[in-house]
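Asker: Got a structure for you, written out below as structure tokens; questions coming shortly.
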Number of protein chains: 2
Amino acid sequence: MEADRRTRLAPDERRAQLVALGVASLADRPLEALTIEYLSAQAGVSRGLLFYYFGSKQGLHREVVSTARDSMLHATEPAGHFPPLSRLHDTLTRIVQFVRDHRGTFFSLVRGAASGDREVREVVEQARAVQAERVIAVFLEMGVADSEMLRIALRAWVAFAEQTLVDSALNTEMSSEEIVSFLERSVKAVTQAVR
Amino acid sequence: MEADRRTRLAPDERRAQLVALGVASLADRPLEALTIEYLSAQAGVSRGLLFYYFGSKQGLHREVVSTARDSMLHATEPAGHFPPLSRLHDTLTRIVQFVRDHRGTFFSLVRGAASGDREVREVVEQARAVQAERVIAVFLEMGVADSEMLRIALRAWVAFAEQTLVDSALNTEMSSEEIVSFLERSVKAVTQAVR
DNA sequence: GTGACTATTGACTATCTGTCAATAGAGGAG
DNA sequence: CTCCTCTATTGACAGATAGTCAATAGTCAC
């Protein structure tokens with residue numbers, strides 16, 4: 001009978017709490033189910049407060065998706081300095097691990113967030129751009145010639161990898177090694193198909 | 001001063017008119033902009049009528065997207081009987097052509113329609129399944145061994161091809177032959193990466 | 001304690017989806 | 001040609017959800 005009394009937090013804390021709740025609920029709900037109504041109820045806070053912090057529903061979505069995206073990018077960042085192919089192997093291994101550890105988050109991010117708002121889409125698009133950049137760097141370091149087609153190809157390969165991860169890491173019992181190894185072979189194959 | 005008088009059409013005609021209007025507006029607007037409000041205004045008809053025909057907004061979306069999808073699948077269906085690789089070449093050529101002839105529709109279909117409703121998503125997913133089936137058939141006929149990984153790989157390649165088309169056919173002046181040829185090389189490469 | 005700053009609320013508006021009984025166009029029977 | 005019936009079409013209504021804003025109440029500094 002007092003948990004419902006108004007509790008006033010520092011803006012940073014409140015914001016962090018709300019975003020964290022949002023990210024967490026992506027694990028078992030699509031982004032579109034993250035309504036102002038739902039999240040404010042979850043947080044035990046008025047709807048008005050969410051507008052105070054995020055301005056709009058899409059503002060909220062942007063922050064939540066950005067945060068989920070950053071945690072994925074961070075979790076799949078190669079640690080230390082490897083030679084190019086080892087770094088690729090390391091990153092792919094981390095991604096498969098991340099997908100299996102955060103199925104819901106990964107799926108909501110790469111599938112659900114294609115929805116609605118253009119700016120939200122762009123947030124996810126940035127993640128793909130970063131992943132593509134990482135892969136491009138690997139091949140450039142190995143002496144592959146840069147070209148428009150190479151960039152298109154490796155950006156498309158990121159989409160390929162996402163779909164592969166959804167179908168293999170999420171929906172089969174395939175071993176991580178097998179998946180990683182297939183992704184490695186496929187990206188090399190695609191790179192060679194650029195001429 | 002009489003165009004606004006109530007005009008009563010046969011259900012088939014009215015339905016066809018509304019769906020056609022919906023598909024047409026996909027050419028320059030994302031699916032989410034296709035609201036009941038907007039389409040009824042376009043058609044010069046009451047909002048209630050759209051519910052009478054489609055039951056819900058998502059019902060409308062399903063029909064519009066299904067129709068757009070079917071027109072794409074139909075336009076990219078290989079004509080006549082070719083040997084496998086020629087058939088592949090033919091289909092890819094038709095797809096590039098379709099993408100360039102119907103930029104808006106293609107983009108709304110493969111990008112915009114990932115949104116909202118699960119059933120709408122599945123409508124587009126079916127198109128990908130059909131495209132994947134076509135490609136799988138090509139390689140099976142060529143004696144490639146069937147396997148779970150092959151199917152995952154070629155389904156993922158469809159996503160690869162979509163992204164390639166968005167980036168090349170929509171956003172560059174690259175020649176159709178160049179795009180088709182790259183897609184051919186990449187799908188063969190991916191198939192060989194399955195082991 | 002008291003005052004000031006601002007995090008938080010709740011009541012209000014706007015927009016859009018969805019429901020349904022009432023209405024009117026169009027074709028057939030006479 | 002007229003009326004009658006069937007149903008395509010409407011408009012008024014209800015419900016959900018986004019967004020606005022002036023009023024309120026924690027909390028910290030003094």
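Residue numbering restarts at 1 for every chain of the structure tokens, chains are lettered A, B, ... in their displayed order, and ligands are numbered from 1 as they appear.
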Return as CSV the residues of chain A lying at most 10 Å from chain C, together with the closest atom-to-atom pair for each and the distance in Å to one decimal, counting only C-alpha atoms (C1' of nucleotides), with rows in chain order and ascending residue number.

Answerer:
```
residue,atom,partner,partner_atom,distance
A:Arg6,CA,C:DT8,C1',7.4
A:Thr7,CA,C:DT8,C1',8.4
A:Arg8,CA,C:DA7,C1',6.1
A:Leu9,CA,C:DA7,C1',7.3
A:Ala10,CA,C:DA7,C1',8.0
A:Pro11,CA,C:DA7,C1',7.7
A:Arg14,CA,C:DA7,C1',9.6
A:Val45,CA,C:DT8,C1',8.3
A:Ser46,CA,C:DT9,C1',6.5
A:Arg47,CA,C:DT9,C1',8.8
A:Gly48,CA,C:DT9,C1',7.2
A:Leu49,CA,C:DT8,C1',6.5
A:Tyr52,CA,C:DT8,C1',9.2
```

Asker: Just need the residues of chain A within 6 Å of chain B, counting only C-alpha atoms, so spit them out as an NGL selection string.

Answerer: :A and (114-115 or 156-157 or 159-160 or 163-164 or 185-186 or 189-190 or 193)

Asker: Could you write out that same residue set with all heavy atoms as a short mmCIF file (atom, residue, chain, number, x, y, z; two decimals), in the first residue's frame?

Answerer:
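See part-v2.cif below for the written result:
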```cif
data_model
loop_
_atom_site.label_atom_id
_atom_site.label_comp_id
_atom_site.auth_asym_id
_atom_site.auth_seq_id
_atom_site.Cartn_x
_atom_site.Cartn_y
_atom_site.Cartn_z
N ALA A 114 12.05 -3.89 -38.58
CA ALA A 114 11.95 -3.41 -39.96
C ALA A 114 10.69 -2.57 -40.10
O ALA A 114 10.45 -1.97 -41.13
CB ALA A 114 11.91 -4.59 -40.92
N SER A 115 9.92 -2.53 -39.03
CA SER A 115 8.57 -1.97 -39.11
C SER A 115 8.55 -0.46 -39.10
O SER A 115 9.56 0.22 -39.08
CB SER A 115 7.76 -2.47 -37.93
OG SER A 115 8.25 -1.91 -36.74
N ALA A 156 25.08 -7.32 -48.60
CA ALA A 156 24.06 -8.34 -48.85
C ALA A 156 24.38 -9.61 -48.07
O ALA A 156 23.48 -10.29 -47.58
CB ALA A 156 23.96 -8.65 -50.34
N TRP A 157 25.67 -9.89 -47.93
CA TRP A 157 26.02 -11.08 -47.17
C TRP A 157 25.60 -10.95 -45.71
O TRP A 157 25.26 -11.93 -45.06
CB TRP A 157 27.52 -11.38 -47.24
CG TRP A 157 27.87 -12.56 -46.41
CD1 TRP A 157 27.74 -13.87 -46.74
CD2 TRP A 157 28.35 -12.55 -45.05
NE1 TRP A 157 28.10 -14.68 -45.69
CE2 TRP A 157 28.49 -13.89 -44.64
CE3 TRP A 157 28.68 -11.53 -44.15
CZ2 TRP A 157 28.94 -14.24 -43.36
CZ3 TRP A 157 29.11 -11.87 -42.88
CH2 TRP A 157 29.25 -13.21 -42.50
N ALA A 159 22.86 -9.61 -44.71
CA ALA A 159 21.47 -10.06 -44.74
C ALA A 159 21.40 -11.58 -44.83
O ALA A 159 20.58 -12.23 -44.18
CB ALA A 159 20.73 -9.43 -45.92
N PHE A 160 22.30 -12.12 -45.63
CA PHE A 160 22.42 -13.58 -45.76
C PHE A 160 22.71 -14.22 -44.41
O PHE A 160 22.06 -15.19 -44.00
CB PHE A 160 23.54 -13.89 -46.75
CG PHE A 160 23.86 -15.34 -46.92
CD1 PHE A 160 23.29 -16.08 -47.96
CD2 PHE A 160 24.76 -15.98 -46.07
CE1 PHE A 160 23.60 -17.43 -48.12
CE2 PHE A 160 25.06 -17.32 -46.23
CZ PHE A 160 24.49 -18.05 -47.25
N GLN A 163 19.70 -14.15 -42.01
CA GLN A 163 18.70 -15.16 -42.33
C GLN A 163 19.21 -16.55 -41.94
O GLN A 163 18.47 -17.37 -41.39
CB GLN A 163 18.35 -15.11 -43.81
CG GLN A 163 17.24 -16.07 -44.20
CD GLN A 163 15.95 -15.73 -43.49
OE1 GLN A 163 15.59 -14.57 -43.34
NE2 GLN A 163 15.23 -16.76 -43.03
N THR A 164 20.47 -16.81 -42.19
CA THR A 164 21.06 -18.08 -41.81
C THR A 164 20.98 -18.28 -40.30
O THR A 164 20.63 -19.36 -39.82
CB THR A 164 22.54 -18.15 -42.25
OG1 THR A 164 22.60 -18.03 -43.67
CG2 THR A 164 23.18 -19.47 -41.82
N ARG A 185 32.74 -20.02 -44.89
CA ARG A 185 32.87 -20.46 -46.28
C ARG A 185 32.02 -19.60 -47.21
O ARG A 185 32.44 -19.23 -48.31
CB ARG A 185 32.45 -21.94 -46.40
CG ARG A 185 33.59 -22.90 -46.11
CD ARG A 185 33.12 -24.33 -46.19
NE ARG A 185 32.56 -24.77 -44.91
CZ ARG A 185 31.40 -25.40 -44.78
NH1 ARG A 185 30.67 -25.69 -45.83
NH2 ARG A 185 30.98 -25.75 -43.58
N SER A 186 30.80 -19.26 -46.74
CA SER A 186 29.91 -18.51 -47.62
C SER A 186 30.43 -17.10 -47.89
O SER A 186 30.36 -16.61 -49.02
CB SER A 186 28.50 -18.46 -47.05
OG SER A 186 28.46 -17.67 -45.88
N ALA A 189 33.18 -17.30 -50.33
CA ALA A 189 32.63 -17.63 -51.63
C ALA A 189 32.03 -16.40 -52.30
O ALA A 189 32.25 -16.14 -53.49
CB ALA A 189 31.58 -18.73 -51.49
N VAL A 190 31.28 -15.65 -51.51
CA VAL A 190 30.65 -14.45 -52.05
C VAL A 190 31.70 -13.45 -52.50
O VAL A 190 31.59 -12.82 -53.56
CB VAL A 190 29.71 -13.82 -51.01
CG1 VAL A 190 29.38 -12.38 -51.37
CG2 VAL A 190 28.42 -14.64 -50.89
N ALA A 193 32.97 -14.27 -55.71
CA ALA A 193 32.00 -14.09 -56.79
C ALA A 193 32.00 -12.64 -57.29
O ALA A 193 31.46 -12.35 -58.35
CB ALA A 193 30.61 -14.50 -56.34
#
```

Asker: Show me which bits of chain D are within 10 Å of chain A, counting only C-alpha atoms (C1' of nucleotides), as a list in words.

Answerer: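 On the chain D side, the interface is DT17, DA18, DG19, DT20, DC21, DA25, DG26 and DT27 of chain D.
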
Asker: I need the helix (DSSP H, G or I) residues of region 62-127 of chain A per DSSP on the backbone, written as a ChimeraX atom specification.

Answerer: /A:62-75,84-101,103-110,112-114,118-127

Asker: Quick one: everything within 8 Å of Leu39 (chain B), counting only C-alpha atoms (C1' of nucleotides), minus sequence neighbours fewer than 6 positions away in the same chain. Send it as a PyMOL selection string.

Answerer: chain B and resi 18+21-22
